[in-house]
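Student: One file is attached below, coords.txt, containing compact mmCIF, C-alpha atoms.
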# COMPACT_ATOMS: atom_id res chain seq x y z
CA MET A 1 -15.42 9.88 -21.27
CA SER A 2 -17.81 7.94 -23.51
CA ASN A 3 -16.18 4.52 -23.34
CA ILE A 4 -18.26 1.60 -22.12
CA TYR A 5 -16.63 -0.32 -19.29
CA LEU A 6 -17.07 -3.76 -17.78
CA GLY A 7 -16.86 -3.89 -14.00
CA TYR A 8 -15.65 -7.15 -12.46
CA ASN A 9 -16.91 -7.27 -8.87
CA PHE A 10 -14.62 -9.74 -7.06
CA THR A 11 -15.40 -11.28 -3.67
CA ILE A 12 -12.08 -12.39 -2.15
CA GLU A 13 -11.22 -14.48 0.90
CA PRO A 14 -8.84 -13.76 2.57
CA LYS A 15 -9.47 -10.25 1.34
CA GLU A 16 -6.40 -8.10 2.03
CA LEU A 17 -3.58 -10.25 0.69
CA GLY A 18 -5.81 -11.66 -2.04
CA SER A 19 -6.77 -8.17 -3.22
CA GLU A 20 -3.15 -7.08 -3.45
CA ILE A 21 -2.14 -10.14 -5.47
CA LEU A 22 -5.19 -9.96 -7.73
CA ILE A 23 -4.63 -6.27 -8.47
CA ALA A 24 -0.98 -6.97 -9.30
CA GLU A 25 -2.00 -9.71 -11.74
CA LEU A 26 -4.88 -7.79 -13.30
CA GLY A 27 -2.55 -4.80 -13.67
CA GLU A 28 -0.74 -6.78 -16.36
CA LYS A 29 -4.01 -6.87 -18.30
CA PRO A 30 -5.94 -3.93 -19.82
CA PHE A 31 -7.78 -3.25 -16.52
CA GLU A 32 -7.62 0.50 -15.91
CA SER A 33 -8.70 1.03 -12.32
CA PHE A 34 -9.63 -0.74 -9.11
CA ILE A 35 -11.99 0.16 -6.28
CA GLU A 36 -11.71 -1.55 -2.89
CA THR A 37 -15.00 -2.87 -1.46
CA ASP A 38 -16.02 -4.48 1.82
CA LEU A 39 -15.67 -7.93 0.27
CA GLY A 40 -12.90 -7.46 -2.27
CA ILE A 41 -12.41 -5.20 -5.28
CA VAL A 42 -14.11 -3.98 -8.44
CA ALA A 43 -11.84 -4.02 -11.50
CA TYR A 44 -12.71 -1.94 -14.56
CA ILE A 45 -11.81 -2.66 -18.19
CA GLN A 46 -12.92 -0.95 -21.39
CA LYS A 47 -15.35 -3.22 -23.23
CA GLU A 48 -13.47 -2.79 -26.49
CA LEU A 49 -10.29 -4.10 -24.85
CA TRP A 50 -12.03 -7.09 -23.26
CA ASN A 51 -11.88 -10.66 -24.55
CA GLU A 52 -13.15 -13.97 -23.20
CA ALA A 53 -9.64 -15.07 -22.20
CA VAL A 54 -8.83 -11.93 -20.17
CA LEU A 55 -8.80 -13.89 -16.89
CA GLU A 56 -7.40 -17.10 -18.33
CA ASP A 57 -3.87 -16.94 -16.86
CA ILE A 58 -4.65 -15.11 -13.61
CA TYR A 59 -2.93 -17.50 -11.22
CA ILE A 60 -4.64 -16.45 -7.99
CA LEU A 61 -8.07 -17.39 -9.38
CA THR A 62 -7.03 -21.06 -9.30
CA SER A 63 -4.96 -20.91 -6.11
CA PRO A 64 -6.27 -23.17 -3.31
CA GLU A 65 -5.17 -20.52 -0.78
CA PHE A 66 -7.92 -18.11 -1.88
CA THR A 67 -11.65 -18.27 -2.54
CA ILE A 68 -12.58 -15.80 -5.27
CA THR A 69 -15.88 -15.30 -7.07
CA TYR A 70 -16.97 -12.48 -9.34
CA LYS A 71 -19.88 -10.90 -11.18
CA ILE A 72 -19.63 -8.72 -14.30
CA GLU A 73 -21.70 -5.67 -15.13
CA GLU A 74 -21.61 -3.22 -18.03
CA ILE A 75 -21.08 0.42 -17.08
CA ASP A 76 -21.36 3.45 -19.31
CA GLN A 77 -19.16 6.52 -18.79
CA VAL A 78 -17.38 5.70 -15.55
CA ASN A 79 -16.67 8.82 -13.49
CA TRP A 80 -13.58 7.74 -11.54
CA ASN A 81 -13.68 10.65 -9.10
CA GLU A 82 -17.27 9.79 -8.30
CA GLU A 83 -16.34 6.14 -7.74
CA TRP A 84 -13.42 7.05 -5.47
CA GLU A 85 -15.53 9.56 -3.59
CA LYS A 86 -18.08 6.84 -2.85
CA ASN A 87 -15.41 4.43 -1.61
CA PHE A 88 -12.75 6.54 0.09
CA GLU A 89 -13.61 8.63 3.13
CA PRO A 90 -10.97 10.92 4.61
CA ILE A 91 -9.34 9.58 7.76
CA ASP A 92 -7.95 11.13 10.89
CA VAL A 93 -5.08 9.53 12.80
CA ASP A 94 -4.95 10.54 16.46
CA GLY A 95 -6.17 14.05 15.63
CA LYS A 96 -2.73 14.84 14.21
CA CYS A 97 -2.71 13.55 10.65
CA HIS A 98 -5.47 13.91 8.07
CA VAL A 99 -5.36 11.78 4.92
CA ARG A 100 -7.73 12.71 2.12
CA ALA A 101 -8.32 12.48 -1.59
CA PRO A 102 -8.09 15.67 -3.69
CA PHE A 103 -11.88 16.02 -3.70
CA HIS A 104 -12.12 16.07 0.12
CA PRO A 105 -12.00 19.42 1.96
CA LYS A 106 -8.91 20.37 3.96
CA THR A 107 -9.14 20.31 7.76
CA ASP A 108 -7.05 22.06 10.40
CA ALA A 109 -5.01 18.93 11.17
CA ALA A 110 -1.31 19.63 11.74
CA ILE A 111 -0.39 17.21 8.94
CA ASP A 112 -2.52 17.16 5.80
CA ILE A 113 -1.74 14.48 3.19
CA ILE A 114 -3.48 14.28 -0.19
CA ILE A 115 -3.53 10.83 -1.77
CA GLU A 116 -4.96 9.97 -5.18
CA PRO A 117 -5.72 6.28 -4.60
CA LYS A 118 -6.05 5.11 -8.22
CA MET A 119 -4.84 1.52 -8.50
CA SER A 120 -2.66 1.45 -5.38
CA PHE A 121 -3.34 0.53 -1.78
CA GLY A 122 -2.15 2.92 0.89
CA THR A 123 -4.88 5.49 1.34
CA GLY A 124 -4.55 5.23 5.11
CA HIS A 125 -7.78 3.28 5.46
CA HIS A 126 -6.13 -0.09 5.88
CA GLU A 127 -5.25 -0.99 9.46
CA THR A 128 -1.56 -1.51 8.65
CA THR A 129 -1.13 1.93 7.06
CA HIS A 130 -3.00 3.54 9.96
CA MET A 131 -0.67 1.94 12.51
CA MET A 132 2.46 2.85 10.58
CA ILE A 133 1.26 6.46 10.58
CA GLN A 134 0.84 6.18 14.37
CA HIS A 135 4.44 5.00 14.72
CA LEU A 136 5.75 7.81 12.53
CA LEU A 137 3.77 10.42 14.44
CA GLU A 138 5.57 9.35 17.64
CA ILE A 139 9.11 9.36 16.24
CA ASP A 140 11.40 12.35 15.79
CA VAL A 141 12.52 11.64 12.23
CA VAL A 142 14.20 14.98 11.51
CA GLY A 143 17.26 14.43 9.35
CA MET A 144 16.79 10.65 9.22
CA LYS A 145 17.76 8.96 5.96
CA THR A 146 14.63 6.88 5.33
CA LEU A 147 13.42 3.94 3.25
CA ASP A 148 9.74 3.28 2.51
CA MET A 149 9.78 -0.31 1.22
CA GLY A 150 6.68 -1.48 -0.62
CA CYS A 151 5.57 2.14 -0.68
CA GLY A 152 2.20 1.68 -2.46
CA THR A 153 0.99 5.28 -2.75
CA ALA A 154 4.08 6.66 -0.94
CA ILE A 155 1.84 7.89 1.89
CA LEU A 156 4.37 6.89 4.56
CA ALA A 157 7.30 8.45 2.69
CA ILE A 158 5.28 11.64 2.32
CA LEU A 159 4.50 11.71 6.04
CA ALA A 160 8.17 11.10 6.86
CA GLU A 161 9.22 14.07 4.72
CA MET A 162 6.54 16.28 6.25
CA LYS A 163 8.04 15.44 9.65
CA GLY A 164 11.56 16.30 8.53
CA ALA A 165 13.12 13.05 7.32
CA GLN A 166 15.59 13.33 4.44
CA PRO A 167 16.61 12.00 2.03
CA ILE A 168 13.94 9.34 1.43
CA ASP A 169 13.84 6.36 -0.94
CA ALA A 170 10.41 4.93 -1.79
CA ILE A 171 10.42 1.53 -3.52
CA ASP A 172 7.65 -0.65 -4.93
CA ILE A 173 7.80 -3.60 -7.30
CA ASP A 174 4.47 -2.70 -8.92
CA ASN A 175 4.57 -0.26 -11.85
CA TRP A 176 1.20 1.28 -10.96
CA CYS A 177 2.42 1.94 -7.42
CA TYR A 178 5.64 3.43 -8.76
CA LEU A 179 3.76 5.85 -11.02
CA ASN A 180 1.14 6.65 -8.37
CA SER A 181 3.88 7.33 -5.80
CA ILE A 182 5.57 9.82 -8.12
CA GLU A 183 2.24 11.60 -8.66
CA ASN A 184 1.47 11.70 -4.93
CA THR A 185 4.90 13.01 -3.94
CA GLU A 186 4.51 15.81 -6.48
CA ARG A 187 0.95 16.51 -5.33
CA ASN A 188 2.19 16.96 -1.74
CA HIS A 189 5.13 19.15 -2.85
CA CYS A 190 7.74 16.68 -1.63
CA HIS A 191 11.34 17.28 -2.71
CA GLN A 192 13.27 14.77 -0.58
CA ILE A 193 11.66 11.57 -1.95
CA THR A 194 13.10 9.50 -4.79
CA VAL A 195 10.77 6.76 -6.08
CA TYR A 196 12.16 3.52 -7.51
CA GLU A 197 10.50 0.56 -9.21
CA GLY A 198 11.93 -2.73 -7.97
CA ASP A 199 12.49 -4.96 -4.95
CA ALA A 200 15.04 -5.51 -2.19
CA ALA A 201 17.78 -6.05 -4.78
CA LEU A 202 17.89 -2.24 -5.10
CA LEU A 203 19.11 -1.96 -1.50
CA LYS A 204 22.65 -3.20 -2.08
CA ASP A 205 25.16 -0.87 -0.40
CA LYS A 206 22.35 1.41 0.88
CA HIS A 207 22.13 2.54 4.50
CA TYR A 208 19.26 4.13 6.40
CA ASP A 209 18.42 5.52 9.83
CA LEU A 210 14.74 4.57 9.43
CA ILE A 211 13.25 1.71 7.43
CA ILE A 212 9.48 1.43 6.93
CA ALA A 213 8.27 -1.89 5.51
CA ASN A 214 4.53 -2.46 5.22
CA ILE A 215 4.35 -5.52 2.97
CA ASN A 216 3.38 -9.04 4.07
CA ARG A 217 4.81 -11.69 6.36
CA ASN A 218 6.54 -13.84 3.76
CA ILE A 219 8.28 -10.98 1.97
CA LEU A 220 9.33 -9.45 5.30
CA LEU A 221 10.84 -12.72 6.47
CA ASN A 222 12.56 -13.26 3.13
CA ASP A 223 14.07 -9.76 3.01
CA MET A 224 14.72 -9.17 6.72
CA GLN A 225 18.48 -9.74 6.50
CA THR A 226 18.68 -7.13 3.74
CA TYR A 227 16.82 -4.62 5.92
CA VAL A 228 19.11 -5.32 8.88
CA ASP A 229 22.21 -4.95 6.69
CA CYS A 230 20.91 -1.55 5.54
CA LEU A 231 19.96 -0.26 8.98
CA ASN A 232 22.43 2.09 10.63
CA LYS A 233 23.48 1.66 14.25
CA CYS A 234 20.64 2.83 16.53
CA GLY A 235 18.38 2.88 13.47
CA THR A 236 14.64 2.15 13.62
CA LEU A 237 12.71 -0.53 11.71
CA LEU A 238 8.91 -0.28 11.43
CA LEU A 239 7.10 -3.38 10.21
CA SER A 240 3.49 -4.16 9.30
CA GLY A 241 1.40 -6.15 6.86
CA PHE A 242 0.76 -9.21 9.04
CA TYR A 243 -1.56 -10.57 11.72
CA ASN A 244 -1.27 -11.09 15.47
CA GLU A 245 -0.58 -14.78 14.97
CA ASP A 246 2.44 -13.92 12.79
CA ILE A 247 4.23 -11.99 15.53
CA SER A 248 6.22 -14.98 16.79
CA PHE A 249 7.71 -15.59 13.33
CA ILE A 250 8.53 -11.91 12.73
CA ASP A 251 9.92 -11.39 16.23
CA ALA A 252 12.13 -14.49 16.11
CA CYS A 253 13.52 -13.37 12.77
CA CYS A 254 14.24 -9.85 14.02
CA THR A 255 15.77 -10.79 17.37
CA ASP A 256 17.90 -13.50 15.77
CA LYS A 257 19.40 -10.78 13.61
CA GLY A 258 20.22 -8.54 16.58
CA LEU A 259 17.24 -6.18 16.58
CA THR A 260 15.53 -5.12 19.81
CA TYR A 261 11.74 -5.02 20.11
CA VAL A 262 10.31 -1.66 21.25
CA LYS A 263 6.57 -1.38 20.66
CA LYS A 264 3.44 -2.85 19.08
CA PHE A 265 0.25 -1.36 17.70
CA GLU A 266 -2.74 -3.63 17.08
CA ARG A 267 -5.86 -2.88 15.05
CA ASN A 268 -8.51 -5.48 14.12
CA ASN A 269 -5.99 -8.33 14.51
CA TRP A 270 -3.47 -6.58 12.23
CA VAL A 271 -0.25 -5.53 13.98
CA SER A 272 2.67 -3.18 13.49
CA LEU A 273 5.98 -3.64 15.29
CA LYS A 274 8.84 -1.27 16.05
CA TYR A 275 12.45 -2.46 16.41
CA VAL A 276 15.77 -0.69 16.90
CA ASN A 277 19.23 -1.79 15.84
Translate the structure of the given file into structure tokens.
Tutor:
Amino acid sequence: MSNIYLGYNFTIEPKELGSEILIAELGEKPFESFIETDLGIVAYIQKELWNEAVLEDIYILTSPEFTITYKIEEIDQVNWNEEWEKNFEPIDVDGKCHVRAPFHPKTDAAIDIIIEPKMSFGTGHHETTHMMIQHLLEIDVVGMKTLDMGCGTAILAILAEMKGAQPIDAIDIDNWCYLNSIENTERNHCHQITVYEGDAALLKDKHYDLIIANINRNILLNDMQTYVDCLNKCGTLLLSGFYNEDISFIDACCTDKGLTYVKKFERNNWVSLKYVN
């Protein structure tokens, strides 16, 4: 690859939600790849596709809810595998599940998941994904009709299939996530997962034994009734994507709709909750 790239190194506060929104907006531009950093993200664009107005209508950059600064550097011949290898270490969840990129060596973990991160979150490194994996490792999902809502890389759908869930719907509103999820399901030889591009409107007349929703507080609250309507009797709902201080809002919403709280995982102030119908 001989193209010259520009790397936009964004510092974002608050980082997690801001990074997701910024990536979604930049994904509508000619930016080709994103790397997560300790402070935000680096976004790459070919120099020949760049223009001075490339960030002009990126809404989040002017939002008072976020503080975002950036620096630009010129990079020749970006080696994406090398960039990912520098930024994504394999992870181990409770000694049972190993999540790695294709360039990482296989271990003897009982469950081995290969994720090509590309432009999508969901490599297992984020606290919310880690906790959702913990929930899934504890549940007997064999034969459960499953929904992975806001699937990102489809890592949770892939884990569910590896543990025996079927059939599985994986849905994400972002086109990059949709494409990346298809690639990752194929890479992990999954045959029970169908990936869709869209939002909760796709769930009309659908029913599931297990619903996994790792998104953010506002979307969860907005779509909770749809999830409850889709959840079979005695079905399980796994939620994450929010902080400890958000629990009261999420719990009130769930219990008001007839769900029963079962368990919580907490990791660096992020939480994941389990409910049953």
Student: What lies within 6 Å of range 186-202 of chain A using only C-alpha atoms, ignoring chain neighbours under 2 positions off, as a ChimeraX atom specification?
Tutor: /A:166-173,178,183-184,204
Student: Considering all atoms listed in the file, can you say which of A:Ser272, A:Asn180, A:Asn277, A:Ser19 comes closest to Ile35 in chain A?
Tutor: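 That would be A:Ser19, the residue with the smallest distance to Ile35 in chain A.
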Student: Using only C-alpha atoms, which protein or nucleic acid residues come within 8 Å of Asp112 in chain A? Drop anything in the same chain fewer than 2 positions from it, and give the result as a list in words.
Tutor: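 Answer for this query is Cys97, His98, Val99, Arg100, Lys106, Thr107, Ala109, Ala110 and Ile114 of chain A.
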Student: For Tyr70 in chain A, which residue among A:Glu161, A:Glu32, A:Glu13, A:Asp256 is the nearest when counting all atoms listed in the file?
Tutor: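 So, comparing all the options, the nearest one is A:Glu13.
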Student: How many Å separate CA of Gly150 in chain A from CA of Gln46 in chain A?
Tutor: 28.6 Å
Student: Please put the answer as JSON: centre and edge lengths, in Å with one decimal, of a box along x, y and z that encloses all listed atoms of range 199-215 of chain A plus 5 Å on each side.
Tutor:
{"center_x": 14.8, "center_y": -0.3, "center_z": 2.4, "size_x": 30.8, "size_y": 21.6, "size_z": 24.9}
Student: Could you tell me which of A:Gly18, A:Asp94, A:Asp108, A:Ile215 comes closest to His130 in chain A if we count all atoms listed in the file?
Tutor: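 That would be A:Asp94, the residue with the smallest distance to His130 in chain A.
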Student: Up to 8 Å from (-8.1, -3.0, 7.6) in the file's coordinates: name the residues, counting only C-alpha atoms, as a VMD selection string.
Tutor: chain A and resid 16 125 to 128 267 to 268 270
Student: Interatomic distance between CA of Ile139 in chain A and CA of Leu238 in chain A?
Tutor: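 Interatomic distance, CA of Ile139 in chain A to CA of Leu238 in chain A: 10.8 Å.
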Student: Restricting the calculation to all atoms listed in the file, which member of A:Ile68, A:Ile113, A:Met131, A:Leu147 is positioned closest to Asn269 in chain A?
Tutor: A:Met131
Student: From the options A:Tyr59, A:Glu266, A:Asp223, A:Thr146, which residue's atoms come nearest to Tyr243 in chain A, counting all atoms listed in the file?
Tutor: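 That would be A:Glu266, the residue with the smallest distance to Tyr243 in chain A.
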Student: Applying 7 Å and all atoms listed in the file, which residues near Cys230 in chain A remain after dropping the ones on its own chain fewer than 4 positions away? List them as a list in words.
Tutor: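 Contacts, in chain order: Lys206, His207, Tyr208 and Thr226 of chain A.
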Student: Out of A:Cys234, A:Met162, A:Val276, A:Ile23, which residue has the shortest atom-to-atom distance to Cys177 in chain A when counting all atoms listed in the file?
Tutor: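 That would be A:Ile23, the residue with the smallest distance to Cys177 in chain A.
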Student: Quick one, how far is CA of Ile211 in chain A from CA of Trp176 in chain A?
Tutor: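 Computing the Euclidean distance for CA of Ile211 in chain A and CA of Trp176 in chain A yields 22.0 Å.
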Student: Find the residues near Thr67 in chain A: any atom within 12 Å, counting only C-alpha atoms, skip ones fewer than 2 places away on the same chain, and give them as a list in words.
Tutor: Phe10, Thr11, Ile12, Glu13, Pro14, Lys15, Leu17, Gly18, Ser19, Leu22, Leu39, Gly40, Ile60, Leu61, Thr62, Ser63, Pro64, Glu65, Thr69 and Tyr70 of chain A
Student: Emit the selected residues as an mmCIF file, in the coordinates of the input, including C-alpha atoms.
Tutor:
data_model
loop_
_atom_site.group_PDB
_atom_site.id
_atom_site.type_symbol
_atom_site.label_atom_id
_atom_site.label_comp_id
_atom_site.auth_asym_id
_atom_site.auth_seq_id
_atom_site.Cartn_x
_atom_site.Cartn_y
_atom_site.Cartn_z
ATOM 1 C CA PHE A 10 -14.620 -9.740 -7.060
ATOM 2 C CA THR A 11 -15.400 -11.280 -3.670
ATOM 3 C CA ILE A 12 -12.080 -12.390 -2.150
ATOM 4 C CA GLU A 13 -11.220 -14.480 0.900
ATOM 5 C CA PRO A 14 -8.840 -13.760 2.570
ATOM 6 C CA LYS A 15 -9.470 -10.250 1.340
ATOM 7 C CA LEU A 17 -3.580 -10.250 0.690
ATOM 8 C CA GLY A 18 -5.810 -11.660 -2.040
ATOM 9 C CA SER A 19 -6.770 -8.170 -3.220
ATOM 10 C CA LEU A 22 -5.190 -9.960 -7.730
ATOM 11 C CA LEU A 39 -15.670 -7.930 0.270
ATOM 12 C CA GLY A 40 -12.900 -7.460 -2.270
ATOM 13 C CA ILE A 60 -4.640 -16.450 -7.990
ATOM 14 C CA LEU A 61 -8.070 -17.390 -9.380
ATOM 15 C CA THR A 62 -7.030 -21.060 -9.300
ATOM 16 C CA SER A 63 -4.960 -20.910 -6.110
ATOM 17 C CA PRO A 64 -6.270 -23.170 -3.310
ATOM 18 C CA GLU A 65 -5.170 -20.520 -0.780
ATOM 19 C CA THR A 69 -15.880 -15.300 -7.070
ATOM 20 C CA TYR A 70 -16.970 -12.480 -9.340
#
Student: Fewer than 5 positions away in the same chain doesn't count, so skip those; otherwise give me all residues within 12 Å of Leu221 in chain A, counting all atoms listed in the file, as a list in words.
Tutor: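 The contact residues come out as Ala213, Ile215, Asn216, Thr226, Tyr227, Val228, Leu239, Ser240, Gly241, Phe242, Asp246, Ile247, Ser248, Phe249, Ile250, Asp251, Ala252, Cys253, Cys254, Asp256 and Lys257 of chain A.
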Student: For the residues in the current selection, export C-alpha atoms as an mmCIF file, in the coordinates of the input.
Tutor:
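Dumped to out08.cif:
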data_model
loop_
_atom_site.group_PDB
_atom_site.id
_atom_site.type_symbol
_atom_site.label_atom_id
_atom_site.label_comp_id
_atom_site.auth_asym_id
_atom_site.auth_seq_id
_atom_site.Cartn_x
_atom_site.Cartn_y
_atom_site.Cartn_z
ATOM 1 C CA ALA A 213 8.270 -1.890 5.510
ATOM 2 C CA ILE A 215 4.350 -5.520 2.970
ATOM 3 C CA ASN A 216 3.380 -9.040 4.070
ATOM 4 C CA THR A 226 18.680 -7.130 3.740
ATOM 5 C CA TYR A 227 16.820 -4.620 5.920
ATOM 6 C CA VAL A 228 19.110 -5.320 8.880
ATOM 7 C CA LEU A 239 7.100 -3.380 10.210
ATOM 8 C CA SER A 240 3.490 -4.160 9.300
ATOM 9 C CA GLY A 241 1.400 -6.150 6.860
ATOM 10 C CA PHE A 242 0.760 -9.210 9.040
ATOM 11 C CA ASP A 246 2.440 -13.920 12.790
ATOM 12 C CA ILE A 247 4.230 -11.990 15.530
ATOM 13 C CA SER A 248 6.220 -14.980 16.790
ATOM 14 C CA PHE A 249 7.710 -15.590 13.330
ATOM 15 C CA ILE A 250 8.530 -11.910 12.730
ATOM 16 C CA ASP A 251 9.920 -11.390 16.230
ATOM 17 C CA ALA A 252 12.130 -14.490 16.110
ATOM 18 C CA CYS A 253 13.520 -13.370 12.770
ATOM 19 C CA CYS A 254 14.240 -9.850 14.020
ATOM 20 C CA ASP A 256 17.900 -13.500 15.770
ATOM 21 C CA LYS A 257 19.400 -10.780 13.610
#
